[in-house]
Amino acid sequence: MSQSVPPPGNPFADGAVPPGPYTPPPPPAPVRDNLALGLVTALVAALVAGGVYGGIAGAIEREIGWAAIGVGFLVGFAAGKVGGSNPVLPVAGAVLSLGAVYLGQLLGIAIIFAKKLNVSTTDVFLDNFGLLTEAWNGGKDIMTFLFFALAAFAAFSGAKKAAE
């Protein structure tokens with residue numbers, strides 16, 4: 001049975017210790033501000049994302065321009081998550097995302113050529129790099145540059161969001 005009013009008298013009169021303050025909050029998460037590790041992570045993410053982007057484009061023999069935004073976001077997010085809030089990381093992520101999208105486009109073209117010529121993709125990519133860049137130059141249009149810009153913007157935004 002509970003009481004509706006507190007019992008009379010002082011509950012701490014016979015030496016009882018009043019309850020202490022609330023337990024302290026856990027310490028804040030460690031500050032992630034490692035520029036070198038963020039840059040290395042962004043580079044690795046750019047190479048992996050560019051390779052996947054190019055592999056998909058080559059497999060379906062079509063460029064998926066909107067996937068460039070995902071490549072950019074992945075690169076920037078990885079840089080910001082690992083490297084922290086260093087102001088260099090969003091810019092570096094944007095630049096690396098441009099390289100990743102370009103690498104992916106070249107890899108996609110190399111895969112398509114390799115299928116048509118029945119040779120190794122590696123041979124096409126490494127031995128005929130000039131031919132690949134000429135093919136890329138011949139196929140570029142305003143949408144190519146729009147997706148480059150969107151990828152860079154996504155990388156910059158992703159790095160900022162991840163560092164929060």
# chains A, B, ... in the order shown; residues from 1 in each chain; ligands from 1
>>> residues_around(residues="segment 72-87 of chain A", least_positions_apart="2", cutoff="7 Å", atoms="only C-alpha atoms", output="NGL selection string")
:A and (32-35 or 37-39 or 41-42 or 45-46 or 68-70 or 89-90 or 93-94 or 97 or 151-152 or 154-156 or 158-160 or 162-163)
>>> residues_around(residues="Glu63 of chain A", least_positions_apart="5", cutoff="12 Å", atoms="only C-alpha atoms", output="VMD selection string")
chain A and resid 53 to 58 68 101 to 102 104 to 109 111 to 112 136 139 to 140 143 to 144 147
>>> write_last_selection(atoms="N, CA, C and O atoms", output="short mmCIF file (atom, residue, chain, number, x, y, z; two decimals), in the first residue's frame")
data_model
loop_
_atom_site.label_atom_id
_atom_site.label_comp_id
_atom_site.auth_asym_id
_atom_site.auth_seq_id
_atom_site.Cartn_x
_atom_site.Cartn_y
_atom_site.Cartn_z
N TYR A 53 31.37 1.60 -60.75
CA TYR A 53 30.61 2.41 -61.71
C TYR A 53 30.95 2.01 -63.15
O TYR A 53 30.06 1.80 -63.97
N GLY A 54 32.23 1.86 -63.43
CA GLY A 54 32.65 1.45 -64.77
C GLY A 54 32.25 0.03 -65.09
O GLY A 54 31.87 -0.28 -66.22
N GLY A 55 32.33 -0.86 -64.10
CA GLY A 55 31.94 -2.25 -64.32
C GLY A 55 30.46 -2.37 -64.65
O GLY A 55 30.08 -3.14 -65.55
N ILE A 56 29.64 -1.62 -63.95
CA ILE A 56 28.20 -1.65 -64.23
C ILE A 56 27.92 -1.05 -65.61
O ILE A 56 27.15 -1.61 -66.40
N ALA A 57 28.55 0.08 -65.90
CA ALA A 57 28.33 0.73 -67.20
C ALA A 57 28.78 -0.18 -68.34
O ALA A 57 28.12 -0.26 -69.38
N GLY A 58 29.89 -0.87 -68.17
CA GLY A 58 30.36 -1.77 -69.21
C GLY A 58 29.49 -3.01 -69.34
O GLY A 58 29.28 -3.51 -70.43
N ALA A 68 26.70 8.55 -60.97
CA ALA A 68 27.85 9.40 -60.67
C ALA A 68 27.62 10.18 -59.37
O ALA A 68 28.57 10.46 -58.63
N VAL A 101 34.64 9.30 -61.32
CA VAL A 101 33.63 9.23 -62.37
C VAL A 101 34.31 9.10 -63.74
O VAL A 101 33.90 8.30 -64.58
N TYR A 102 35.38 9.86 -63.96
CA TYR A 102 36.12 9.76 -65.22
C TYR A 102 36.71 8.36 -65.39
O TYR A 102 36.61 7.76 -66.46
N GLY A 104 35.64 5.63 -64.04
CA GLY A 104 34.53 4.71 -64.28
C GLY A 104 34.04 4.76 -65.71
O GLY A 104 33.73 3.73 -66.32
N GLN A 105 33.97 5.96 -66.26
CA GLN A 105 33.53 6.08 -67.66
C GLN A 105 34.53 5.43 -68.60
O GLN A 105 34.14 4.74 -69.55
N LEU A 106 35.81 5.65 -68.36
CA LEU A 106 36.83 5.02 -69.21
C LEU A 106 36.80 3.50 -69.07
O LEU A 106 36.94 2.78 -70.07
N LEU A 107 36.61 3.02 -67.85
CA LEU A 107 36.55 1.58 -67.64
C LEU A 107 35.33 0.98 -68.34
O LEU A 107 35.41 -0.10 -68.93
N GLY A 108 34.22 1.68 -68.29
CA GLY A 108 33.03 1.21 -69.00
C GLY A 108 33.26 1.11 -70.50
O GLY A 108 32.86 0.12 -71.15
N ILE A 109 33.90 2.12 -71.06
CA ILE A 109 34.22 2.09 -72.50
C ILE A 109 35.18 0.94 -72.80
O ILE A 109 35.02 0.24 -73.81
N ILE A 111 35.48 -1.89 -71.20
CA ILE A 111 34.75 -3.17 -71.12
C ILE A 111 33.92 -3.39 -72.39
O ILE A 111 33.89 -4.49 -72.94
N ILE A 112 33.28 -2.33 -72.86
CA ILE A 112 32.48 -2.46 -74.08
C ILE A 112 33.37 -2.81 -75.27
O ILE A 112 33.05 -3.71 -76.07
N TRP A 136 36.04 8.64 -75.34
CA TRP A 136 35.33 9.42 -74.31
C TRP A 136 35.07 10.84 -74.82
O TRP A 136 33.98 11.37 -74.63
N GLY A 139 32.20 10.98 -77.19
CA GLY A 139 30.87 10.72 -76.65
C GLY A 139 30.41 11.69 -75.59
O GLY A 139 29.28 11.60 -75.11
N LYS A 140 31.25 12.64 -75.23
CA LYS A 140 30.85 13.55 -74.14
C LYS A 140 29.84 14.57 -74.66
O LYS A 140 29.83 14.94 -75.84
N MET A 143 25.46 16.63 -70.67
CA MET A 143 25.06 15.79 -69.53
C MET A 143 26.27 15.19 -68.82
O MET A 143 26.24 15.00 -67.61
N THR A 144 27.31 14.90 -69.58
CA THR A 144 28.54 14.39 -68.97
C THR A 144 29.06 15.38 -67.94
O THR A 144 29.39 15.00 -66.81
N PHE A 147 26.77 15.71 -64.81
CA PHE A 147 26.96 14.65 -63.83
C PHE A 147 28.31 14.75 -63.12
O PHE A 147 28.43 14.38 -61.96
#
>>> select_by_dssp(residues="chain A", states="alpha helix (DSSP H)", output="count of residues only")
113
>>> atom_distance(atom1="atom CA of Asn118 of chain A", atom2="atom CA of Leu131 of chain A")
16.4 Å
>>> atom_distance(atom1="atom CA of Leu117 of chain A", atom2="atom CA of Gly51 of chain A")
20.8 Å
>>> closest_residue(among="A:Val88, A:Ile142, A:Leu126, A:Val119", to="Ala36 of chain A", atoms="only C-alpha atoms")
A:Val88
>>> atom_distance(atom1="atom CA of Ala59 of chain A", atom2="atom CA of Val95 of chain A")
26.1 Å
>>> closest_residue(among="A:Leu146, A:Ala114, A:Val91, A:Leu103", to="Asp127 of chain A", atoms="only C-alpha atoms")
A:Ala114
